[in-house]
Every structure is written in C-alpha cells, then in structure tokens.
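Asker: Here you go, query32.cif (mmCIF, C-alpha atoms):
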```
data_my_file
#
loop_
_atom_site.label_atom_id
_atom_site.label_comp_id
_atom_site.auth_asym_id
_atom_site.auth_seq_id
_atom_site.Cartn_x
_atom_site.Cartn_y
_atom_site.Cartn_z
CA MET A 20 117.66 116.56 120.77
CA GLU A 21 120.40 114.05 120.11
CA ILE A 22 119.76 111.55 117.33
CA THR A 23 120.19 108.01 118.69
CA LEU A 24 120.01 104.55 117.20
CA THR A 25 116.37 104.33 118.27
CA HIS A 26 115.43 107.21 115.95
CA TYR A 27 116.80 105.32 112.98
CA LEU A 28 115.14 102.06 114.02
CA VAL A 29 111.74 103.77 114.40
CA LEU A 30 112.17 105.48 111.03
CA ALA A 31 113.09 102.18 109.36
CA GLY A 32 110.13 100.48 111.05
CA LEU A 33 107.73 103.14 109.79
CA VAL A 34 109.12 102.89 106.24
CA PHE A 35 108.86 99.09 106.38
CA ILE A 36 105.24 99.28 107.56
CA THR A 37 104.45 101.73 104.74
CA GLY A 38 105.84 99.28 102.20
CA MET A 39 104.02 96.36 103.82
CA VAL A 40 100.66 98.17 103.78
CA GLY A 41 101.24 99.18 100.17
CA PHE A 42 101.96 95.58 99.23
CA VAL A 43 98.65 94.46 100.76
CA VAL A 44 96.32 97.23 99.56
CA ARG A 45 97.61 97.88 96.03
CA ARG A 46 96.37 95.64 93.20
CA ASN A 47 98.83 96.65 90.51
CA ALA A 48 101.66 94.11 90.41
CA LEU A 49 104.19 96.79 89.37
CA VAL A 50 103.36 98.96 92.39
CA MET A 51 103.48 95.88 94.63
CA MET A 52 107.06 95.29 93.45
CA MET A 53 107.92 98.91 94.21
CA CYS A 54 106.59 98.36 97.74
CA ILE A 55 109.01 95.43 98.10
CA GLU A 56 111.83 97.78 97.10
CA LEU A 57 110.71 100.22 99.80
CA MET A 58 110.82 97.44 102.43
CA LEU A 59 114.34 96.48 101.32
CA CYS A 60 115.31 100.14 101.68
CA ALA A 61 114.09 100.12 105.30
CA VAL A 62 116.26 97.08 105.98
CA ASN A 63 119.25 98.91 104.47
CA ILE A 64 118.73 101.82 106.87
CA VAL A 65 118.89 99.42 109.84
CA PHE A 66 122.12 97.91 108.48
CA ALA A 67 123.69 101.35 108.04
CA ALA A 68 122.57 102.49 111.52
CA PHE A 69 124.13 99.47 113.22
CA ALA A 70 127.31 99.87 111.15
CA ARG A 71 127.53 103.43 112.53
CA LEU A 72 126.85 102.21 116.08
CA HIS A 73 129.64 99.64 116.04
CA GLY A 74 131.98 101.68 113.84
CA ASP A 75 132.31 98.61 111.63
CA GLY A 76 131.94 98.69 107.85
CA GLY A 77 130.43 95.20 107.64
CA GLY A 78 126.94 96.69 107.59
CA HIS A 79 127.86 98.76 104.56
CA VAL A 80 129.02 95.63 102.73
CA PHE A 81 125.70 93.97 103.37
CA VAL A 82 123.78 97.01 102.17
CA LEU A 83 125.69 96.61 98.90
CA MET A 84 124.69 92.92 98.85
CA ASN A 85 121.10 94.05 99.34
CA PHE A 86 121.43 96.34 96.32
CA ALA A 87 122.45 93.35 94.23
CA VAL A 88 119.55 91.28 95.57
CA ALA A 89 117.11 94.12 94.86
CA ALA A 90 118.46 94.51 91.33
CA SER A 91 118.14 90.77 90.65
CA GLU A 92 114.64 90.75 92.09
CA ALA A 93 113.59 93.71 89.94
CA ALA A 94 115.06 92.17 86.78
CA ILE A 95 113.45 88.74 87.26
CA GLY A 96 110.15 90.12 88.59
CA LEU A 97 109.74 92.60 85.77
CA ALA A 98 110.61 89.94 83.18
CA ILE A 99 107.89 87.70 84.66
CA LEU A 100 105.43 90.61 84.64
CA VAL A 101 106.18 91.39 80.99
CA GLU A 102 105.59 87.75 80.12
CA ILE A 103 102.30 87.72 82.10
CA TYR A 104 101.22 90.90 80.31
CA ARG A 105 101.95 89.31 76.94
CA ARG A 106 99.63 86.42 77.71
CA ARG A 107 96.90 88.02 79.81
CA ARG A 108 96.99 91.72 78.84
CA THR A 109 96.87 92.82 82.49
CA VAL A 110 99.11 93.31 85.52
CA ASN A 111 96.21 93.63 87.95
CA VAL A 112 96.59 90.85 90.51
CA ASP A 113 92.80 90.51 90.88
CA ASP A 114 92.71 89.23 87.31
CA LEU A 115 95.54 86.76 87.88
CA LYS A 116 93.82 84.32 90.21
CA THR A 117 93.60 81.32 87.89
CA LEU A 118 95.62 79.14 90.22
CA MET A 119 93.49 80.11 93.22
CA GLU A 120 90.06 79.42 91.71
CA MET B 5 123.30 119.63 112.19
CA GLU B 6 122.99 115.85 112.17
CA GLY B 7 119.61 116.10 113.87
CA LEU B 8 118.34 118.62 111.35
CA LEU B 9 119.41 116.45 108.40
CA PHE B 10 117.88 113.37 110.03
CA TRP B 11 114.45 114.98 110.49
CA PHE B 12 114.58 116.51 107.01
CA CYS B 13 115.58 113.35 105.13
CA GLY B 14 113.57 110.99 107.34
CA GLY B 15 110.42 113.09 107.04
CA PHE B 16 110.64 113.27 103.28
CA LEU B 17 111.50 109.56 103.07
CA LEU B 18 108.27 108.74 104.90
CA LEU B 19 106.32 111.24 102.79
CA GLY B 20 107.71 109.70 99.60
CA GLY B 21 106.79 106.18 100.75
CA LEU B 22 103.27 107.21 101.76
CA MET B 23 102.65 109.09 98.52
CA MET B 24 103.89 106.08 96.57
CA VAL B 25 101.27 103.89 98.26
CA LEU B 26 98.49 106.47 97.96
CA GLN B 27 98.87 107.52 94.32
CA ARG B 28 96.60 105.71 91.89
CA SER B 29 98.81 105.99 88.84
CA ALA B 30 101.81 103.65 88.68
CA VAL B 31 104.02 106.27 87.01
CA VAL B 32 103.38 108.86 89.72
CA SER B 33 104.04 106.14 92.33
CA ALA B 34 107.39 105.37 90.72
CA VAL B 35 108.44 109.02 90.71
CA TRP B 36 107.55 109.34 94.41
CA LEU B 37 109.61 106.23 95.09
CA VAL B 38 112.61 107.81 93.34
CA PHE B 39 112.11 110.79 95.67
CA ALA B 40 111.99 108.47 98.70
CA PHE B 41 115.19 106.69 97.61
CA ILE B 42 117.05 109.97 97.24
CA CYS B 43 115.98 110.88 100.79
CA ALA B 44 117.21 107.45 101.94
CA ALA B 45 120.56 108.32 100.36
CA GLY B 46 120.53 111.41 102.58
CA ILE B 47 119.95 109.18 105.62
CA PHE B 48 122.94 107.04 104.62
CA ALA B 49 125.06 110.17 104.29
CA VAL B 50 124.01 111.32 107.78
CA LEU B 51 125.05 107.88 109.08
CA GLY B 52 128.53 108.32 107.60
CA GLY B 53 128.09 105.95 104.68
CA VAL B 54 129.16 108.29 101.89
CA PHE B 55 129.81 105.50 99.42
CA LEU B 56 126.43 103.95 100.25
CA ALA B 57 124.67 107.25 99.59
CA VAL B 58 126.30 107.50 96.17
CA MET B 59 125.42 103.89 95.32
CA GLN B 60 121.86 104.37 96.54
CA VAL B 61 121.37 107.22 94.07
CA LEU B 62 123.21 105.45 91.24
CA VAL B 63 121.81 101.94 91.59
CA TYR B 64 118.39 102.43 93.20
CA ALA B 65 117.18 105.85 92.10
CA GLY B 66 119.06 105.52 88.83
CA ALA B 67 119.18 102.01 87.43
CA ILE B 68 116.40 100.08 89.19
CA MET B 69 113.79 102.83 89.03
CA VAL B 70 114.55 103.55 85.36
CA LEU B 71 113.92 99.85 84.71
CA PHE B 72 110.61 100.12 86.58
CA LEU B 73 109.53 103.26 84.73
CA PHE B 74 110.51 101.67 81.43
CA VAL B 75 108.36 98.60 82.10
CA ILE B 76 105.43 100.71 83.35
CA MET B 77 105.51 102.80 80.19
CA MET B 78 105.89 99.70 78.02
CA LEU B 79 103.04 97.75 79.60
CA GLN B 80 100.46 100.41 80.26
CA GLY B 81 100.99 102.77 77.37
CA PRO B 82 99.47 106.22 77.47
CA VAL B 83 96.44 105.06 79.49
CA LEU B 84 97.48 104.57 83.09
CA GLU B 85 95.82 101.71 84.85
CA GLY B 86 94.61 102.71 88.30
CA GLU B 87 93.17 100.54 91.00
CA ARG B 88 89.76 99.42 89.82
CA LYS B 89 88.19 98.29 93.06
CA LEU B 90 88.66 98.38 96.81
CA MET B 91 89.87 95.59 99.02
CA PRO B 92 87.32 92.85 99.79
CA VAL B 93 85.25 93.70 102.88
CA GLY B 94 86.63 90.73 104.82
CA MET B 95 90.11 92.29 104.66
CA TRP B 96 89.10 95.68 106.08
CA PRO B 97 89.91 94.88 109.76
CA LEU B 98 93.50 94.35 108.60
CA ILE B 99 93.73 98.10 108.04
CA ALA B 100 93.93 98.43 111.83
CA VAL B 101 97.23 96.52 111.91
CA PRO B 102 99.59 99.28 110.68
CA PRO B 103 98.31 102.02 113.05
CA VAL B 104 98.62 99.57 115.96
CA ALA B 105 102.15 98.72 114.87
CA VAL B 106 103.02 102.42 114.60
CA LEU B 107 101.57 103.02 118.06
CA LEU B 108 103.62 100.13 119.48
CA LEU B 109 106.76 101.53 117.87
CA ILE B 110 106.17 105.02 119.26
CA THR B 111 105.30 103.83 122.78
CA GLY B 112 108.26 101.47 122.77
CA TYR B 113 110.44 104.38 121.79
CA LEU B 114 109.06 106.68 124.47
CA ARG B 115 109.28 104.09 127.24
CA SER B 116 112.81 102.88 126.55
CA ASP B 117 115.24 104.71 128.81
CA ALA B 118 118.17 102.94 127.20
CA THR B 119 118.32 104.92 123.97
CA VAL B 120 121.60 103.88 122.43
CA ALA B 121 123.70 106.89 121.55
CA PHE B 122 126.23 106.73 118.74
CA ALA B 123 129.91 107.31 119.36
CA ALA B 124 130.79 110.97 118.96
CA ALA B 125 132.62 110.36 115.69
CA PRO B 126 133.00 107.19 113.59
CA PRO B 127 136.53 105.78 113.19
CA ALA B 128 138.70 107.47 110.58
CA GLY B 129 137.91 106.47 107.02
CA PHE B 130 134.51 105.00 108.00
CA GLY B 131 132.27 104.42 104.98
CA THR B 132 134.70 105.64 102.36
CA VAL B 133 135.19 103.78 99.09
CA GLU B 134 138.55 102.55 100.35
CA ALA B 135 137.17 101.11 103.58
CA VAL B 136 134.22 99.38 101.89
CA ALA B 137 136.43 98.00 99.10
CA GLY B 138 138.89 96.65 101.68
CA LEU B 139 136.09 94.77 103.42
CA LEU B 140 134.50 93.55 100.17
CA LEU B 141 137.72 92.05 98.89
CA GLY B 142 138.96 90.97 102.32
CA ARG B 143 136.68 89.79 105.11
CA TYR B 144 133.63 89.38 102.85
CA LEU B 145 135.30 88.02 99.74
CA LEU B 146 133.17 84.84 99.69
CA ALA B 147 129.90 86.79 99.94
CA PHE B 148 131.14 89.14 97.23
CA GLU B 149 131.85 86.24 94.86
CA LEU B 150 128.53 84.55 95.68
CA ILE B 151 126.52 87.71 95.02
CA SER B 152 128.11 87.91 91.58
CA ILE B 153 126.74 84.42 90.88
CA VAL B 154 123.29 85.62 92.02
CA LEU B 155 123.53 88.51 89.57
CA LEU B 156 124.62 86.18 86.76
CA VAL B 157 121.71 83.81 87.42
CA ALA B 158 119.29 86.77 87.49
CA LEU B 159 120.72 88.01 84.19
CA VAL B 160 120.34 84.63 82.48
CA GLY B 161 116.87 84.14 83.97
CA ALA B 162 115.65 87.54 82.82
CA LEU B 163 117.00 86.86 79.33
CA ALA B 164 115.34 83.45 79.16
CA LEU B 165 112.01 84.88 80.36
CA GLY B 166 112.16 87.83 78.02
CA ARG B 167 112.88 85.83 74.90
CA GLY B 168 109.24 85.11 74.18
CA GLU B 169 107.49 81.79 73.88
CA ARG B 170 108.28 81.06 70.23
CA ASN B 171 112.03 81.22 70.68
CA GLN B 172 112.32 79.13 73.82
CA PRO B 173 114.91 76.39 73.38
CA TRP B 174 112.53 73.66 74.61
CA LYS B 175 109.88 74.46 71.95
#
```
Show me this structure written as structure tokens.
Answerer:
Amino acid sequence: MEITLTHYLVLAGLVFITGMVGFVVRRNALVMMMCIELMLCAVNIVFAAFARLHGDGGGHVFVLMNFAVAASEAAIGLAILVEIYRRRRTVNVDDLKTLME
Amino acid sequence: MEGLLFWFCGGFLLLGGLMMVLQRSAVVSAVWLVFAFICAAGIFAVLGGVFLAVMQVLVYAGAIMVLFLFVIMMLQGPVLEGERKLMPVGMWPLIAVPPVAVLLLITGYLRSDATVAFAAAPPAGFGTVEAVAGLLLGRYLLAFELISIVLLVALVGALALGRGERNQPWK
C-alpha cells in the first residue's frame, strides 16, 4: 500500500492524542511536561509531511523553530519545577492547588 | 521500502508514547519518550528530512531528555514517586474522549477518497543541511533571529529562577 499524506496526518493525530491524554491523567508535573514534548513532536511530523508534499523546505525550518521553542519550554519549566520542589518538597500537581482552594 | 519504514517507525513511535503515559515511574517514562523521539527521527528520515532526523536525535533525544532525566534524578532521588491516586470520579467520562477521537480519525481516513499522494521523488537536495541553511539564512532570516532572542530570554529566565531565593537581586 502506498504511503500518503493521510497516513502521516493520522499518525501525528494519534501521537498528539496520546500526549493530550497523558497530560490530563498523569499527576506528576515532570511527566506532564514530557507529554507536552510528545504533542510538539506530533506537530513536527505534520510540518515535515507537508514540507514533503509541497517539496518546499519551509516546513523543515519551522520544525527547527519548534525545537528551539521546546528547548526553551523545557529549560524554563524545569527551572520552575525545581523552585517549586525546593519550597514544597513535591512535584505532584494534586498537592499544588493552593491557588485553586 | 518507504511503507515498511513508515509502519515500523510509526508503530514504535505510538508504542513509545503510550508506554510513556502508562508507566508509573517518571524515569521509565522518560526512557520510553527517548525511544519515541528516536522513532520520530526515523519518520523524519522517511519524509526526506535527513537534517531534521539528525537534529531530532541530537536536540530532543539527546539534550532535552538528558535535562529531563537530570531533573527527575535530582528531585526524586532513589525513591521514585509514582501516581498516588486515580483521577476524581467526575473526570472519568472524559476518558471516552480519546477513543472517540481515534475512531473519528480512522473513519475519516477510511472515507476520504482524496488521499493525497506525495510526488514520486522530492526535488534535488531536499532536506539537506545546505537546503535548510539556505532557507534559514535567506527567506526565514527574521524568524531565525527572533528565535535566538527567545532562546536568550529562556536562558536568562532559567538562570534567574535557578539562582535560589536568597540570591535574588530584589531581596
């Protein structure tokens, strides 16, 4: 069977849904951040697939931009988590509801 | 050949993502995510983005996931913190959302007659370092410069957050 654009879009959709579900059901803030990374990865696959469809490298450039965004997000997010852990001794989001209560 | 690689890498990418969500220990989750990212690099390679595949392994599976593993080890120590309790009961109907979404995706895929086929071969030099560099420093020069500012701000922000409360300049 020939591999078409639709195959890649369905694959990226499934990966995105996996990351989304993980973000909702997991309570560990570190794992939640990893789920965000997985969702970004799904977006990258869509970019690369459309770059291949149009034969245009612009999609590749924006995947590289996404790498930079993901790296920034990981750096800032992990720094915030380390700071939260210093104060509260936990990274479980169920214990970090002070603002909500 | 392309089809074989697609099913192989795509299947393992999904497996890696699912195992990351299902594992209780954060360290095991992180290792599964590294596995998933390497499979995603395979997908990029199948799509002709050779440079992207290399960067995916270097930046994602290498740098970002090492940072994650480092923080997990630092925060949780030898005792791995699992999930202590289930979702609240009121949230349980939400579990139905992903299977429905998957079903919609699959039916949409099966019903669409207009599956878009790729061109037989990408243009010469597609996805090589040279082609991507030409675009980065040509058509997308502004975005390239702006993303460097984003990285600089993230660097300064992470440093400021990581300094600890006692040493903050406003104290």
Asker: Would you list which chain B residues are within 6 Å of chain A using only C-alpha atoms, as a PyMOL selection string?
Answerer: chain B and resi 7+25+120-122+126+155+158+162+165-166
Asker: How many Å separate atom CA of Ala123 of chain B from atom CA of Met5 of chain B?
Answerer: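 These atoms are spaced 15.7 Å apart.
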Asker: For this structure, which residues satisfy the selection - the PyMOL selection byres ((chain B and resi 65) around 10) - when it is evaluated on the file as given? I want them as a ChimeraX atom specification.
Answerer: /B:34-35,37-42,44-45,59-64,66-70
Asker: Which residue out of B:Met78, B:Val32, B:Leu73, B:Glu6 has the minimum interatomic distance to Gly46 of chain B when all atoms listed in the file are used?
Answerer: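 Of B:Met78, B:Val32, B:Leu73, B:Glu6, the one nearest Gly46 of chain B, counting all atoms listed in the file, is B:Glu6.
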Asker: Give me, please, the distance in Å between atom CA of Leu115 of chain A and atom CA of Ile103 of chain A, quoted to one decimal.
Answerer: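 Going from atom CA of Leu115 of chain A over to atom CA of Ile103 of chain A, I get 8.9 Å.
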Asker: Please indicate the distance in Å from atom CA of Met77 of chain B to atom CA of Cys43 of chain B, rounded to one decimal place.
Answerer: 24.5 Å
